[in-house]
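Chemist: One file is attached below, start_28.txt, containing compact mmCIF, C-alpha atoms.
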```txt
# COMPACT_ATOMS: atom_id res chain seq x y z
CA MET A 18 33.50 67.49 119.41
CA ILE A 19 36.73 69.10 118.33
CA PRO A 20 36.26 71.51 115.40
CA GLU A 21 37.90 70.79 112.07
CA PHE A 22 38.56 73.61 109.63
CA ASP A 23 38.41 73.65 105.85
CA VAL A 24 41.98 74.55 104.93
CA ASP A 25 44.21 73.23 102.18
CA ILE A 26 47.35 71.65 103.61
CA CYS A 27 50.46 72.84 101.78
CA ARG A 28 54.14 72.96 102.66
CA ASP A 29 55.44 76.17 101.19
CA TYR A 30 58.91 76.91 102.54
CA ASP A 31 62.46 77.65 101.44
CA LEU A 32 65.34 76.72 103.70
CA LYS A 33 67.58 79.26 101.93
CA THR A 34 65.44 82.19 103.03
CA LEU A 35 64.76 81.21 106.63
CA LEU A 36 65.08 84.01 109.16
CA THR A 37 68.53 83.72 110.70
CA GLY A 38 70.70 85.71 113.08
CA LEU A 39 68.22 85.87 115.94
CA SER A 40 69.73 87.01 119.23
CA ALA A 41 68.66 86.14 122.75
CA GLU A 42 67.17 89.62 123.04
CA ASP A 43 65.20 89.15 119.81
CA VAL A 44 63.66 85.96 121.13
CA ALA A 45 63.06 87.26 124.65
CA ARG A 46 61.47 90.56 123.61
CA GLY A 47 59.67 89.31 120.51
CA PHE A 48 60.74 89.71 116.91
CA THR A 49 57.41 89.85 115.10
CA ASP A 50 54.23 91.91 115.24
CA HIS A 51 52.59 89.23 117.45
CA GLN A 52 53.51 91.17 120.56
CA GLU A 53 51.08 89.46 122.95
CA TYR A 54 52.97 86.18 122.63
CA GLU A 55 55.31 85.56 125.56
CA CYS A 56 58.64 83.86 125.05
CA LEU A 57 58.59 80.28 126.36
CA GLY A 58 62.27 80.35 127.21
CA LEU A 59 64.19 77.09 127.27
CA PRO A 60 61.78 74.46 128.59
CA SER A 61 62.98 70.92 129.17
CA TRP A 62 61.70 67.88 127.35
CA GLU A 63 60.11 66.80 130.62
CA GLU A 64 58.10 70.03 130.76
CA ALA A 65 57.02 69.56 127.16
CA ALA A 66 55.99 65.96 127.89
CA GLU A 67 53.94 67.06 130.90
CA CYS A 68 52.15 69.66 128.80
CA LEU A 69 51.42 67.15 126.04
CA THR A 70 50.08 64.63 128.56
CA GLU A 71 47.71 67.17 130.13
CA GLU A 72 46.70 68.38 126.69
CA ASP A 73 45.99 64.83 125.53
CA ALA A 74 43.60 64.25 128.44
CA LEU A 75 41.71 67.48 127.75
CA LEU A 76 41.51 66.80 124.02
CA GLU A 77 40.08 63.37 124.76
CA ARG A 78 37.40 64.94 126.97
CA ALA A 79 36.66 67.57 124.34
CA GLY A 80 36.31 64.90 121.69
CA ARG A 81 33.63 63.16 123.74
CA SER A 82 31.67 66.38 124.19
CA GLU A 83 28.46 66.75 122.20
CA THR A 84 28.91 70.51 121.83
CA PRO A 85 30.25 71.83 118.49
CA ASP A 86 33.37 73.19 120.20
CA GLY A 87 34.11 70.72 122.93
CA MET A 88 37.37 72.39 123.90
CA GLU A 89 35.68 75.67 124.75
CA ALA A 90 33.08 73.75 126.77
CA ILE A 91 35.75 71.85 128.72
CA LEU A 92 37.67 75.04 129.49
CA ASP A 93 34.51 76.72 130.76
CA GLU A 94 33.84 73.70 133.00
CA LEU A 95 37.37 73.79 134.40
CA HIS A 96 37.19 77.51 135.10
CA ASP A 97 33.77 77.32 136.74
CA ALA A 98 34.76 74.36 138.91
CA ASP A 99 38.05 75.80 140.18
CA ASP A 100 39.15 79.17 138.84
CA VAL A 101 42.38 79.15 140.87
CA GLY A 102 43.29 75.65 139.71
CA TYR A 103 42.42 76.65 136.15
CA ALA A 104 44.71 79.68 136.32
CA GLU A 105 47.57 77.58 137.71
CA LEU A 106 47.11 74.95 135.00
CA MET A 107 47.16 77.57 132.26
CA ALA A 108 50.10 79.45 133.74
CA TYR A 109 52.44 76.65 134.74
CA THR A 110 51.57 73.76 132.41
CA PHE A 111 50.37 75.51 129.26
CA ARG A 112 52.30 78.78 129.72
CA TRP A 113 49.15 80.71 128.69
CA ASN A 114 49.11 79.09 125.25
CA ASP A 115 45.80 77.76 123.95
CA ILE A 116 45.20 74.12 124.75
CA GLY A 117 45.68 72.18 121.54
CA VAL A 118 48.69 74.21 120.43
CA ALA A 119 50.48 74.55 123.78
CA GLY A 120 52.00 71.07 123.57
CA LEU A 121 53.52 71.75 120.16
CA SER A 122 54.78 75.17 121.28
CA LEU A 123 56.53 73.67 124.31
CA ALA A 124 57.94 70.77 122.28
CA LEU A 125 59.34 73.12 119.64
CA SER A 126 60.89 75.30 122.32
CA ALA A 127 62.42 72.21 123.97
CA ALA A 128 63.85 71.35 120.54
CA ARG A 129 65.39 74.85 120.57
CA ILE A 130 63.18 76.19 117.80
CA ALA A 131 62.12 79.78 118.50
CA THR A 132 58.35 80.19 118.74
CA PHE A 133 56.52 83.49 118.30
CA TYR A 134 52.81 82.76 117.91
CA SER A 135 50.14 80.22 118.77
CA CYS A 136 46.38 80.05 118.40
CA SER A 137 44.04 77.07 118.62
CA SER A 138 41.29 78.86 116.69
CA GLY A 139 37.69 77.90 117.44
CA LEU A 140 34.09 78.50 116.54
CA ASN A 141 33.75 81.78 118.43
CA LYS A 142 35.35 85.05 117.37
CA ARG A 143 37.77 85.51 120.24
CA HIS A 144 40.55 83.66 118.43
CA HIS A 145 42.93 85.40 116.07
CA ALA A 146 43.71 82.56 113.64
CA LYS A 147 41.20 81.05 111.22
CA TYR A 148 42.56 77.57 111.95
CA PRO A 149 45.00 76.08 114.50
CA MET A 150 48.48 77.50 114.07
CA VAL A 151 51.89 77.86 115.71
CA GLY A 152 54.58 80.28 114.56
CA ALA A 153 58.19 79.13 114.74
CA VAL A 154 61.63 79.88 113.33
CA PRO A 155 63.86 76.81 113.04
CA ASP A 156 67.51 77.03 112.07
CA PRO A 157 68.29 75.27 108.76
CA GLU A 158 69.48 72.09 110.48
CA ARG A 159 66.34 71.77 112.58
CA ALA A 160 64.11 72.87 109.72
CA GLY A 161 64.86 69.80 107.62
CA LEU A 162 64.01 67.45 110.48
CA LEU A 163 60.94 69.44 111.49
CA ALA A 164 59.61 69.58 107.91
CA ARG A 165 59.61 65.79 107.72
CA LEU A 166 57.72 65.53 111.01
CA ILE A 167 55.21 68.13 109.83
CA GLU A 168 54.54 66.19 106.64
CA ASP A 169 54.22 62.87 108.50
CA SER A 170 51.71 64.49 110.88
CA GLY A 171 49.55 65.84 108.07
CA CYS A 172 50.23 69.46 108.96
CA GLY A 173 51.21 72.36 106.73
CA ILE A 174 53.82 75.13 106.55
CA ASP A 175 53.38 78.68 105.31
CA GLN A 176 56.67 80.60 105.25
CA VAL A 177 56.35 84.38 105.62
CA TYR A 178 59.42 86.62 105.87
CA GLY A 179 61.53 83.61 106.74
CA ARG A 180 59.20 82.55 109.55
CA TRP A 181 57.12 79.37 109.60
CA TYR A 182 53.43 79.27 110.38
CA ILE A 183 52.71 75.61 111.11
CA TYR A 184 49.03 74.74 110.84
CA GLY A 185 46.50 71.93 110.70
CA ARG A 186 42.83 71.27 110.14
CA SER A 187 42.39 70.52 113.83
CA VAL A 188 44.24 70.99 117.10
CA LYS A 189 44.46 67.20 117.12
CA ASP A 190 46.86 67.40 114.17
CA LEU A 191 49.13 69.89 115.92
CA HIS A 192 49.04 67.78 119.07
CA VAL A 193 50.17 64.76 117.04
CA LEU A 194 53.01 66.87 115.65
CA GLY A 195 53.99 67.92 119.16
CA ARG A 196 54.19 64.26 120.14
CA ALA A 197 56.33 63.56 117.08
CA VAL A 198 58.76 66.33 118.02
CA LEU A 199 59.02 64.85 121.52
CA VAL A 200 59.76 61.39 120.12
CA ALA A 201 62.52 62.91 117.96
CA ARG A 202 64.15 64.69 120.90
CA ASP A 203 67.44 62.80 120.60
CA ALA A 204 67.79 63.92 116.98
CA PHE A 205 67.15 67.54 117.92
CA ASP A 206 69.52 67.37 120.89
CA ALA A 207 72.28 66.09 118.61
CA LEU A 208 72.23 69.37 116.66
CA PRO A 209 74.28 72.42 117.72
CA GLN A 210 72.43 74.84 119.98
CA PRO A 211 71.19 77.97 118.17
CA SER A 212 73.15 81.09 119.13
CA TRP A 213 70.04 82.78 120.57
CA THR A 214 69.88 80.25 123.40
CA GLU A 215 73.02 81.69 124.98
CA GLY A 216 72.01 84.04 127.78
CA LEU A 217 68.27 83.72 127.04
CA ALA A 218 67.28 82.42 130.48
CA GLU A 219 69.10 85.23 132.26
CA LEU A 220 67.63 87.85 129.95
CA ILE A 221 64.08 86.58 130.48
CA GLU A 222 64.62 86.78 134.23
CA GLU A 223 65.89 90.37 133.89
CA LEU A 224 62.88 91.38 131.81
CA ALA A 225 60.52 89.81 134.33
CA ASN A 226 62.01 92.00 137.06
CA GLU A 227 61.75 95.26 135.10
```
Hey, can you dump this file as structure tokens for me?
Modeler:
Amino acid sequence: MIPEFDVDICRDYDLKTLLTGLSAEDVARGFTDHQEYECLGLPSWEEAAECLTEEDALLERAGRSETPDGMEAILDELHDADDVGYAELMAYTFRWNDIGVAGLSLALSAARIATFYSCSSGLNKRHHAKYPMVGAVPDPERAGLLARLIEDSGCGIDQVYGRWYIYGRSVKDLHVLGRAVLVARDAFDALPQPSWTEGLAELIEELANE
């Protein structure tokens, strides 16, 4: 089974007070108190699609599990069967994001929406969030498009200090939203690139070598 959480779905946001003016250094180094989150850089739509495809297969397996938290059970099975393969999958496909929110995080980053947090939540206490959540900062142009996709996917928005916390009752909802962002890639690509994208790849490479 895949856990579902008892949370009211609301969309509380104000496009006029979105966080703006992010620089490449802000995005690369982190601009919130969620310091353990690593910048996803500028992934391609193909990379986001690959992540969503892998995530879909694992979510399907988790949904067939008879354990209360099928995702945790599947991850334990993967790790026990091949710990090296598990580490490679998490590092290269999911970029160390929790499965269930990784696909959305990659899709948002491919849409050039800055992400700063992700947590799939779960039934144990190792997760930070009480329910599945991804933190993102869209520019006003992308925000309008993203808000419609969020509503259509049955997810919610909580805006805090100009930042969006996108959430759902289940990781399945956030996965559906990630798929919707991927489908809308042409609309996102038609928008001007945010200023923080300029020089971001080079800066991330510099930071990795420090």
Chemist: At what distance in Å, to one decimal, does CA of Arg129 (chain A) lie from CA of Glu67 (chain A)?
Modeler: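 CA of Glu67 (chain A) sits 17.3 Å away from CA of Arg129 (chain A).
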Chemist: Go through A:Cys172, A:Ile19, A:Leu35, A:Ala41 one by one, measure the shortest atom-to-atom distance of each to Val154 (chain A) using all atoms listed in the file, and give the residue with the smallest value.
Modeler: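 Smallest separation from Val154 (chain A) among the options: A:Leu35.
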Chemist: One decimal, Å: what's the distance from CA of Glu21 (chain A) over to CA of Met150 (chain A), could you say?
Modeler: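 Atom-to-atom, CA of Glu21 (chain A) to CA of Met150 (chain A), that is 12.7 Å.
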Chemist: Extract, using all atoms listed in the file, all DNA, RNA and protein residues at most 8 Å from region 70-73 of chain A, discarding same-chain residues fewer than 3 positions from it, and format them as an NGL selection string.
Modeler: :A and (66-67 or 76-77 or 110 or 116-117 or 119-120 or 192)
Chemist: So, with only C-alpha atoms as the atoms that count, which of A:Glu53, A:Glu83, A:Glu89, A:Asp25 lies closest to His145 (chain A)?
Modeler: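 Of A:Glu53, A:Glu83, A:Glu89, A:Asp25, the one nearest His145 (chain A) is A:Glu53, counting only C-alpha atoms.
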Chemist: Considering only C-alpha atoms, can you say which of A:Gly58, A:Pro209, A:Gly171, A:Pro157 comes closest to Glu222 (chain A)?
Modeler: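 Of all the options, A:Gly58 lies closest to Glu222 (chain A).
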Chemist: Figure out the distance between CA of Ala65 (chain A) and CA of Gly179 (chain A), please, to one decimal in Å.
Modeler: 25.2 Å
Chemist: Find the spatial neighbours of Tyr103 (chain A), counting only C-alpha atoms, within a cut-off of 10 Å - ignore same-chain residues fewer than 5 positions away - and output them as a PyMOL selection string.
Modeler: chain A and resi 92-98+108
Chemist: Need the shell around Arg202 (chain A): protein/DNA/RNA residues with any atom at most 9 Å away, counting all atoms listed in the file. Skip same-chain ones fewer than 5 positions apart. Format as a VMD selection string?
Modeler: chain A and resid 62 124 127 to 128 197 207
Chemist: Could you pull out every residue with an atom within 12 Å of (69.2, 76.3, 119.3), file coordinates, counting only C-alpha atoms, and send them as a VMD selection string?
Modeler: chain A and resid 37 to 41 44 58 to 59 125 to 132 154 to 160 205 to 217
Chemist: Name the closest residue to Gln176 (chain A) among the candidates A:Ala74, A:Ala201, A:Leu123, A:Val151; distances are taken between atoms, counting only C-alpha atoms.
Modeler: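 With only C-alpha atoms as the atom set, the closest residue is A:Val151.
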Chemist: Within 10 Å of Glu168 (chain A), counting only C-alpha atoms, which residues qualify if same-chain residues fewer than 5 places away don't, as a ChimeraX atom specification?
Modeler: /A:26-28,163,173-174,194
Chemist: Take the point (44.0, 73.3, 116.1) as written in the file and pick out every residue within 10 Å of it, counting all atoms listed in the file; give the list as a PyMOL selection string.
Modeler: chain A and resi 19-22+115-118+135-139+146-151+184-192
Chemist: From the coordinates I just gave you, please extract region 43-76 of chain A so that only N, CA and C atoms remain, then output it as a PDB file, in the first residue's frame.
Modeler:
```pdb
ATOM      1  N   ASP A  43      22.395  31.963  -5.262  1.00  0.00           N
ATOM      2  CA  ASP A  43      21.317  31.644  -4.317  1.00  0.00           C
ATOM      3  C   ASP A  43      20.829  30.218  -4.534  1.00  0.00           C
ATOM      4  N   VAL A  44      20.551  29.890  -5.781  1.00  0.00           N
ATOM      5  CA  VAL A  44      19.987  28.586  -6.104  1.00  0.00           C
ATOM      6  C   VAL A  44      21.008  27.478  -5.876  1.00  0.00           C
ATOM      7  N   ALA A  45      22.246  27.720  -6.243  1.00  0.00           N
ATOM      8  CA  ALA A  45      23.282  26.697  -6.114  1.00  0.00           C
ATOM      9  C   ALA A  45      23.617  26.407  -4.655  1.00  0.00           C
ATOM     10  N   ARG A  46      23.697  27.449  -3.842  1.00  0.00           N
ATOM     11  CA  ARG A  46      24.123  27.285  -2.448  1.00  0.00           C
ATOM     12  C   ARG A  46      22.956  27.024  -1.500  1.00  0.00           C
ATOM     13  N   GLY A  47      21.746  27.307  -1.948  1.00  0.00           N
ATOM     14  CA  GLY A  47      20.576  27.158  -1.084  1.00  0.00           C
ATOM     15  C   GLY A  47      20.144  28.508  -0.538  1.00  0.00           C
ATOM     16  N   PHE A  48      18.867  28.760  -0.555  1.00  0.00           N
ATOM     17  CA  PHE A  48      18.374  30.074  -0.136  1.00  0.00           C
ATOM     18  C   PHE A  48      17.300  29.959   0.941  1.00  0.00           C
ATOM     19  N   THR A  49      17.223  28.800   1.569  1.00  0.00           N
ATOM     20  CA  THR A  49      16.274  28.602   2.663  1.00  0.00           C
ATOM     21  C   THR A  49      16.996  27.895   3.800  1.00  0.00           C
ATOM     22  N   ASP A  50      16.260  27.606   4.860  1.00  0.00           N
ATOM     23  CA  ASP A  50      16.857  26.902   5.995  1.00  0.00           C
ATOM     24  C   ASP A  50      16.881  25.392   5.780  1.00  0.00           C
ATOM     25  N   HIS A  51      16.438  24.907   4.614  1.00  0.00           N
ATOM     26  CA  HIS A  51      16.486  23.470   4.304  1.00  0.00           C
ATOM     27  C   HIS A  51      17.857  23.161   3.688  1.00  0.00           C
ATOM     28  N   GLN A  52      18.881  23.221   4.486  1.00  0.00           N
ATOM     29  CA  GLN A  52      20.236  23.183   3.966  1.00  0.00           C
ATOM     30  C   GLN A  52      20.677  21.809   3.459  1.00  0.00           C
ATOM     31  N   GLU A  53      19.986  20.744   3.834  1.00  0.00           N
ATOM     32  CA  GLU A  53      20.397  19.421   3.372  1.00  0.00           C
ATOM     33  C   GLU A  53      19.937  19.145   1.945  1.00  0.00           C
ATOM     34  N   TYR A  54      19.096  19.998   1.399  1.00  0.00           N
ATOM     35  CA  TYR A  54      18.620  19.801   0.031  1.00  0.00           C
ATOM     36  C   TYR A  54      19.698  20.246  -0.944  1.00  0.00           C
ATOM     37  N   GLU A  55      20.013  19.400  -1.922  1.00  0.00           N
ATOM     38  CA  GLU A  55      21.026  19.735  -2.912  1.00  0.00           C
ATOM     39  C   GLU A  55      20.368  20.247  -4.192  1.00  0.00           C
ATOM     40  N   CYS A  56      20.937  21.299  -4.722  1.00  0.00           N
ATOM     41  CA  CYS A  56      20.425  21.893  -5.955  1.00  0.00           C
ATOM     42  C   CYS A  56      20.423  20.858  -7.071  1.00  0.00           C
ATOM     43  N   LEU A  57      19.337  20.783  -7.814  1.00  0.00           N
ATOM     44  CA  LEU A  57      19.216  19.818  -8.909  1.00  0.00           C
ATOM     45  C   LEU A  57      19.779  20.352 -10.215  1.00  0.00           C
ATOM     46  N   GLY A  58      20.203  21.592 -10.216  1.00  0.00           N
ATOM     47  CA  GLY A  58      20.807  22.146 -11.425  1.00  0.00           C
ATOM     48  C   GLY A  58      19.787  22.412 -12.509  1.00  0.00           C
ATOM     49  N   LEU A  59      20.173  22.094 -13.738  1.00  0.00           N
ATOM     50  CA  LEU A  59      19.332  22.358 -14.904  1.00  0.00           C
ATOM     51  C   LEU A  59      19.103  21.055 -15.678  1.00  0.00           C
ATOM     52  N   PRO A  60      18.354  20.134 -15.086  1.00  0.00           N
ATOM     53  CA  PRO A  60      18.128  18.856 -15.762  1.00  0.00           C
ATOM     54  C   PRO A  60      17.304  19.041 -17.039  1.00  0.00           C
ATOM     55  N   SER A  61      17.476  18.111 -17.947  1.00  0.00           N
ATOM     56  CA  SER A  61      16.710  18.129 -19.191  1.00  0.00           C
ATOM     57  C   SER A  61      15.346  17.494 -18.963  1.00  0.00           C
ATOM     58  N   TRP A  62      14.464  17.701 -19.926  1.00  0.00           N
ATOM     59  CA  TRP A  62      13.164  17.041 -19.869  1.00  0.00           C
ATOM     60  C   TRP A  62      13.329  15.531 -19.983  1.00  0.00           C
ATOM     61  N   GLU A  63      14.335  15.088 -20.723  1.00  0.00           N
ATOM     62  CA  GLU A  63      14.581  13.653 -20.858  1.00  0.00           C
ATOM     63  C   GLU A  63      14.969  13.043 -19.517  1.00  0.00           C
ATOM     64  N   GLU A  64      15.777  13.748 -18.745  1.00  0.00           N
ATOM     65  CA  GLU A  64      16.161  13.261 -17.422  1.00  0.00           C
ATOM     66  C   GLU A  64      14.955  13.221 -16.491  1.00  0.00           C
ATOM     67  N   ALA A  65      14.108  14.227 -16.580  1.00  0.00           N
ATOM     68  CA  ALA A  65      12.894  14.237 -15.763  1.00  0.00           C
ATOM     69  C   ALA A  65      11.977  13.085 -16.152  1.00  0.00           C
ATOM     70  N   ALA A  66      11.842  12.828 -17.451  1.00  0.00           N
ATOM     71  CA  ALA A  66      10.996  11.734 -17.928  1.00  0.00           C
ATOM     72  C   ALA A  66      11.525  10.392 -17.448  1.00  0.00           C
ATOM     73  N   GLU A  67      12.842  10.204 -17.486  1.00  0.00           N
ATOM     74  CA  GLU A  67      13.435   8.963 -17.010  1.00  0.00           C
ATOM     75  C   GLU A  67      13.139   8.750 -15.534  1.00  0.00           C
ATOM     76  N   CYS A  68      13.282   9.809 -14.747  1.00  0.00           N
ATOM     77  CA  CYS A  68      12.998   9.718 -13.318  1.00  0.00           C
ATOM     78  C   CYS A  68      11.540   9.363 -13.071  1.00  0.00           C
ATOM     79  N   LEU A  69      10.631  10.013 -13.778  1.00  0.00           N
ATOM     80  CA  LEU A  69       9.203   9.745 -13.612  1.00  0.00           C
ATOM     81  C   LEU A  69       8.852   8.318 -14.011  1.00  0.00           C
ATOM     82  N   THR A  70       9.501   7.803 -15.057  1.00  0.00           N
ATOM     83  CA  THR A  70       9.241   6.430 -15.494  1.00  0.00           C
ATOM     84  C   THR A  70       9.688   5.425 -14.440  1.00  0.00           C
ATOM     85  N   GLU A  71      10.888   5.614 -13.909  1.00  0.00           N
ATOM     86  CA  GLU A  71      11.387   4.730 -12.850  1.00  0.00           C
ATOM     87  C   GLU A  71      10.509   4.846 -11.610  1.00  0.00           C
ATOM     88  N   GLU A  72      10.122   6.061 -11.289  1.00  0.00           N
ATOM     89  CA  GLU A  72       9.283   6.293 -10.118  1.00  0.00           C
ATOM     90  C   GLU A  72       7.925   5.618 -10.279  1.00  0.00           C
ATOM     91  N   ASP A  73       7.368   5.694 -11.471  1.00  0.00           N
ATOM     92  CA  ASP A  73       6.069   5.081 -11.736  1.00  0.00           C
ATOM     93  C   ASP A  73       6.114   3.581 -11.490  1.00  0.00           C
ATOM     94  N   ALA A  74       7.190   2.934 -11.947  1.00  0.00           N
ATOM     95  CA  ALA A  74       7.315   1.485 -11.763  1.00  0.00           C
ATOM     96  C   ALA A  74       7.415   1.119 -10.285  1.00  0.00           C
ATOM     97  N   LEU A  75       8.156   1.917  -9.513  1.00  0.00           N
ATOM     98  CA  LEU A  75       8.307   1.631  -8.088  1.00  0.00           C
ATOM     99  C   LEU A  75       7.016   1.925  -7.322  1.00  0.00           C
ATOM    100  N   LEU A  76       6.311   2.962  -7.711  1.00  0.00           N
ATOM    101  CA  LEU A  76       5.033   3.260  -7.070  1.00  0.00           C
ATOM    102  C   LEU A  76       4.016   2.158  -7.343  1.00  0.00           C
TER     103      LEU A  76
END
```
